[in-house]
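Structure, as structure tokens:
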Amino acid sequence: MSEQPKFDAQQAGKYFFRGGHTGWLGLEYVAHGENWVELKLPWREDLIGERDRHVLASGPIVSLMDMASGMSIWQTTGVFTPVATLDLRVDYQRPAREKSAVWGRVECYRTTRSAAFVRGIAHDGEENDPVAHIAGVFMQVSYDPEKRLEAQAENAKTEGRDDD
């Protein structure tokens, strides 16, 4: 049995978004499911990319999607362990609307012993008209791989699914 409580994105967001980079950006928890997390990046004038356009810059949107990716991995495995971004592809479709927040919804669709695969969209209120699509691969880092695998297996059993 795992010593660590099952990861809960809503509860974790209360701590993650209090300080550090995610706190400075003002990221907010929106919702989550078994294998996905949705976060919000509020519009702020100091986060714009160009002085004459009131549109969020791409950097904060990448940070939003990176954080949602990590949280979707933890939500899927049920275990909070360090992850490292190996590859995060962001395909921008269009700029966000002026003075609009951006929401990022990411799902973790596959995990292996050491990797997790994610995909998602960033939108400014119209999910059917995304600002960007993302796809990524993350390395799951653990100080004690056996304990991480045991915790993942235990969480999978209690949820009735098999993990690799």
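Residues in the structure tokens are named by chain (A, B, ... in the order shown) and by number from 1 within that chain; ligands are numbered from 1 in the order shown.
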
Q: Using DSSP on the backbone coordinates, identify all residues within segment 21-158 of chain A classified as alpha helix (DSSP H); present the result as an MDAnalysis selection string.
A: chainID A and resid 21:25 58:77 145:158

The selected residues should be written to file as a CSV table (one decimal), in the first residue's frame (atoms: C-alpha atoms).
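This is the output file again12.csv:
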chain,number,residue,atom,x,y,z
A,21,HIS,CA,6.2,30.4,-11.4
A,22,THR,CA,2.7,29.1,-11.6
A,23,GLY,CA,1.6,31.4,-8.8
A,24,TRP,CA,3.2,34.4,-10.5
A,25,LEU,CA,1.4,33.5,-13.7
A,58,SER,CA,3.0,32.4,-26.3
A,59,GLY,CA,5.4,31.8,-23.3
A,60,PRO,CA,2.7,31.9,-20.6
A,61,ILE,CA,0.5,29.6,-22.7
A,62,VAL,CA,3.3,27.1,-23.0
A,63,SER,CA,3.7,27.3,-19.2
A,64,LEU,CA,0.0,26.7,-18.7
A,65,MET,CA,0.1,23.6,-21.0
A,66,ASP,CA,3.2,22.2,-19.4
A,67,MET,CA,1.7,22.5,-15.9
A,68,ALA,CA,-1.6,21.0,-17.1
A,69,SER,CA,0.4,18.2,-18.7
A,70,GLY,CA,2.2,17.3,-15.4
A,71,MET,CA,-1.0,17.4,-13.4
A,72,SER,CA,-2.8,15.2,-15.9
A,73,ILE,CA,0.1,12.6,-15.5
A,74,TRP,CA,-0.3,12.7,-11.7
A,75,GLN,CA,-4.0,12.5,-12.0
A,76,THR,CA,-3.7,9.5,-14.2
A,77,THR,CA,-1.1,7.6,-12.1
A,145,PRO,CA,11.2,3.5,-8.8
A,146,GLU,CA,9.9,0.4,-7.0
A,147,LYS,CA,7.8,2.5,-4.6
A,148,ARG,CA,6.5,4.6,-7.5
A,149,LEU,CA,5.5,1.4,-9.5
A,150,GLU,CA,3.9,-0.2,-6.4
A,151,ALA,CA,1.9,3.0,-5.8
A,152,GLN,CA,0.8,3.1,-9.5
A,153,ALA,CA,-0.2,-0.5,-9.4
A,154,GLU,CA,-2.1,-0.1,-6.2
A,155,ASN,CA,-4.0,2.9,-7.6
A,156,ALA,CA,-4.8,1.0,-10.8
A,157,LYS,CA,-6.2,-1.9,-8.8
A,158,THR,CA,-8.5,0.3,-6.8

Residues near segment 100-116 of chain A, cut-off 6 Å, only C-alpha atoms, skip fewer than 5 positions along chain, as a ChimeraX atom specification: /A:35-43,65,68-69,72-73,121-124,137-140,164

The residue from A:His32, A:Glu45, A:Ile134, A:Asp129 with the smallest atom-to-atom distance to Asp8 of chain A, counting only C-alpha atoms, is A:His32

| query | Could you pull the residues within 12 Å of segment 51-54 of chain A, counting only C-alpha atoms, minus those fewer than 3 positions along the same chain, as a ChimeraX atom specification? | reply | /A:43-48,57,95-101

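When atom CA of Asp91 of chain A is paired with atom CA of Pro130 of chain A, their separation reads 10.1 Å.
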
Of A:Val30, A:Ala135, A:Val118, A:Ala84, the one nearest to Lys14 of chain A when counting only C-alpha atoms is A:Val30

message = Using Å and a single decimal, report how far atom CA of Glu127 of chain A sits from atom CA of Glu34 of chain A.
response =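 Separating atom CA of Glu34 of chain A from atom CA of Glu127 of chain A is a distance of 19.7 Å.
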
Going by DSSP on the backbone, which residues of segment 66-128 of chain A come out as strand (DSSP E or B)? List them as a PDB file with N, CA and C atoms, in the first residue's frame.
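Okay, part.pdb is ready:
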ATOM      1  N   VAL A  83       8.280  14.835 -12.690  1.00  0.00           N
ATOM      2  CA  VAL A  83       8.273  14.545 -14.123  1.00  0.00           C
ATOM      3  C   VAL A  83       9.149  15.584 -14.808  1.00  0.00           C
ATOM      4  N   ALA A  84       9.752  15.181 -15.900  1.00  0.00           N
ATOM      5  CA  ALA A  84      10.595  16.086 -16.682  1.00  0.00           C
ATOM      6  C   ALA A  84      10.049  16.129 -18.104  1.00  0.00           C
ATOM      7  N   THR A  85       9.912  17.325 -18.634  1.00  0.00           N
ATOM      8  CA  THR A  85       9.408  17.495 -19.994  1.00  0.00           C
ATOM      9  C   THR A  85      10.502  17.086 -20.967  1.00  0.00           C
ATOM     10  N   LEU A  86      10.256  16.019 -21.731  1.00  0.00           N
ATOM     11  CA  LEU A  86      11.204  15.596 -22.756  1.00  0.00           C
ATOM     12  C   LEU A  86      10.900  16.273 -24.088  1.00  0.00           C
ATOM     13  N   ASP A  87       9.614  16.353 -24.420  1.00  0.00           N
ATOM     14  CA  ASP A  87       9.200  16.944 -25.687  1.00  0.00           C
ATOM     15  C   ASP A  87       7.801  17.521 -25.499  1.00  0.00           C
ATOM     16  N   LEU A  88       7.644  18.778 -25.827  1.00  0.00           N
ATOM     17  CA  LEU A  88       6.331  19.403 -25.768  1.00  0.00           C
ATOM     18  C   LEU A  88       6.155  20.199 -27.050  1.00  0.00           C
ATOM     19  N   ARG A  89       5.346  19.666 -27.927  1.00  0.00           N
ATOM     20  CA  ARG A  89       5.088  20.328 -29.206  1.00  0.00           C
ATOM     21  C   ARG A  89       3.825  21.171 -29.067  1.00  0.00           C
ATOM     22  N   VAL A  90       3.928  22.430 -29.459  1.00  0.00           N
ATOM     23  CA  VAL A  90       2.791  23.338 -29.409  1.00  0.00           C
ATOM     24  C   VAL A  90       2.531  23.819 -30.830  1.00  0.00           C
ATOM     25  N   ASP A  91       1.376  23.483 -31.355  1.00  0.00           N
ATOM     26  CA  ASP A  91       0.974  23.919 -32.693  1.00  0.00           C
ATOM     27  C   ASP A  91      -0.066  25.012 -32.537  1.00  0.00           C
ATOM     28  N   TYR A  92       0.374  26.251 -32.750  1.00  0.00           N
ATOM     29  CA  TYR A  92      -0.544  27.380 -32.626  1.00  0.00           C
ATOM     30  C   TYR A  92      -1.458  27.440 -33.841  1.00  0.00           C
ATOM     31  N   VAL A 102      -6.970  32.235 -21.163  1.00  0.00           N
ATOM     32  CA  VAL A 102      -6.795  31.017 -21.960  1.00  0.00           C
ATOM     33  C   VAL A 102      -6.916  29.829 -21.021  1.00  0.00           C
ATOM     34  N   TRP A 103      -7.676  28.833 -21.443  1.00  0.00           N
ATOM     35  CA  TRP A 103      -7.850  27.592 -20.706  1.00  0.00           C
ATOM     36  C   TRP A 103      -7.024  26.520 -21.383  1.00  0.00           C
ATOM     37  N   GLY A 104      -6.428  25.651 -20.580  1.00  0.00           N
ATOM     38  CA  GLY A 104      -5.662  24.530 -21.113  1.00  0.00           C
ATOM     39  C   GLY A 104      -6.199  23.235 -20.545  1.00  0.00           C
ATOM     40  N   ARG A 105      -6.600  22.342 -21.440  1.00  0.00           N
ATOM     41  CA  ARG A 105      -7.104  21.024 -21.017  1.00  0.00           C
ATOM     42  C   ARG A 105      -6.192  19.967 -21.618  1.00  0.00           C
ATOM     43  N   VAL A 106      -5.589  19.166 -20.755  1.00  0.00           N
ATOM     44  CA  VAL A 106      -4.623  18.158 -21.192  1.00  0.00           C
ATOM     45  C   VAL A 106      -5.015  16.803 -20.631  1.00  0.00           C
ATOM     46  N   GLU A 107      -4.924  15.798 -21.482  1.00  0.00           N
ATOM     47  CA  GLU A 107      -5.163  14.422 -21.028  1.00  0.00           C
ATOM     48  C   GLU A 107      -3.891  13.615 -21.160  1.00  0.00           C
ATOM     49  N   CYS A 108      -3.667  12.745 -20.194  1.00  0.00           N
ATOM     50  CA  CYS A 108      -2.572  11.780 -20.251  1.00  0.00           C
ATOM     51  C   CYS A 108      -3.184  10.496 -20.794  1.00  0.00           C
ATOM     52  N   TYR A 109      -2.812  10.139 -22.014  1.00  0.00           N
ATOM     53  CA  TYR A 109      -3.458   8.999 -22.660  1.00  0.00           C
ATOM     54  C   TYR A 109      -2.656   7.709 -22.594  1.00  0.00           C
ATOM     55  N   ARG A 110      -1.395   7.772 -22.128  1.00  0.00           N
ATOM     56  CA  ARG A 110      -0.607   6.547 -22.006  1.00  0.00           C
ATOM     57  C   ARG A 110       0.544   6.780 -21.048  1.00  0.00           C
ATOM     58  N   THR A 111       0.781   5.776 -20.197  1.00  0.00           N
ATOM     59  CA  THR A 111       1.964   5.799 -19.339  1.00  0.00           C
ATOM     60  C   THR A 111       2.695   4.474 -19.494  1.00  0.00           C
ATOM     61  N   ALA A 115       7.817   6.748 -18.946  1.00  0.00           N
ATOM     62  CA  ALA A 115       7.345   7.853 -19.789  1.00  0.00           C
ATOM     63  C   ALA A 115       5.834   8.017 -19.671  1.00  0.00           C
ATOM     64  N   ALA A 116       5.395   9.220 -19.964  1.00  0.00           N
ATOM     65  CA  ALA A 116       3.961   9.517 -20.009  1.00  0.00           C
ATOM     66  C   ALA A 116       3.712  10.368 -21.249  1.00  0.00           C
ATOM     67  N   PHE A 117       2.603  10.108 -21.926  1.00  0.00           N
ATOM     68  CA  PHE A 117       2.260  10.782 -23.175  1.00  0.00           C
ATOM     69  C   PHE A 117       0.981  11.587 -22.973  1.00  0.00           C
ATOM     70  N   VAL A 118       1.018  12.842 -23.431  1.00  0.00           N
ATOM     71  CA  VAL A 118      -0.114  13.745 -23.234  1.00  0.00           C
ATOM     72  C   VAL A 118      -0.512  14.411 -24.547  1.00  0.00           C
ATOM     73  N   ARG A 119      -1.750  14.909 -24.557  1.00  0.00           N
ATOM     74  CA  ARG A 119      -2.243  15.726 -25.667  1.00  0.00           C
ATOM     75  C   ARG A 119      -3.298  16.658 -25.104  1.00  0.00           C
ATOM     76  N   GLY A 120      -3.476  17.799 -25.768  1.00  0.00           N
ATOM     77  CA  GLY A 120      -4.450  18.735 -25.245  1.00  0.00           C
ATOM     78  C   GLY A 120      -4.660  19.928 -26.151  1.00  0.00           C
ATOM     79  N   ILE A 121      -5.545  20.808 -25.668  1.00  0.00           N
ATOM     80  CA  ILE A 121      -5.831  22.039 -26.403  1.00  0.00           C
ATOM     81  C   ILE A 121      -5.796  23.224 -25.445  1.00  0.00           C
ATOM     82  N   ALA A 122      -5.448  24.364 -26.002  1.00  0.00           N
ATOM     83  CA  ALA A 122      -5.579  25.643 -25.318  1.00  0.00           C
ATOM     84  C   ALA A 122      -6.648  26.407 -26.075  1.00  0.00           C
ATOM     85  N   HIS A 123      -7.569  27.031 -25.339  1.00  0.00           N
ATOM     86  CA  HIS A 123      -8.635  27.787 -26.001  1.00  0.00           C
ATOM     87  C   HIS A 123      -8.954  29.029 -25.190  1.00  0.00           C
TER      88      HIS A 123
END

What separates atom CA of Leu27 of chain A and atom CA of Gly13 of chain A is a distance of 8.8 Å
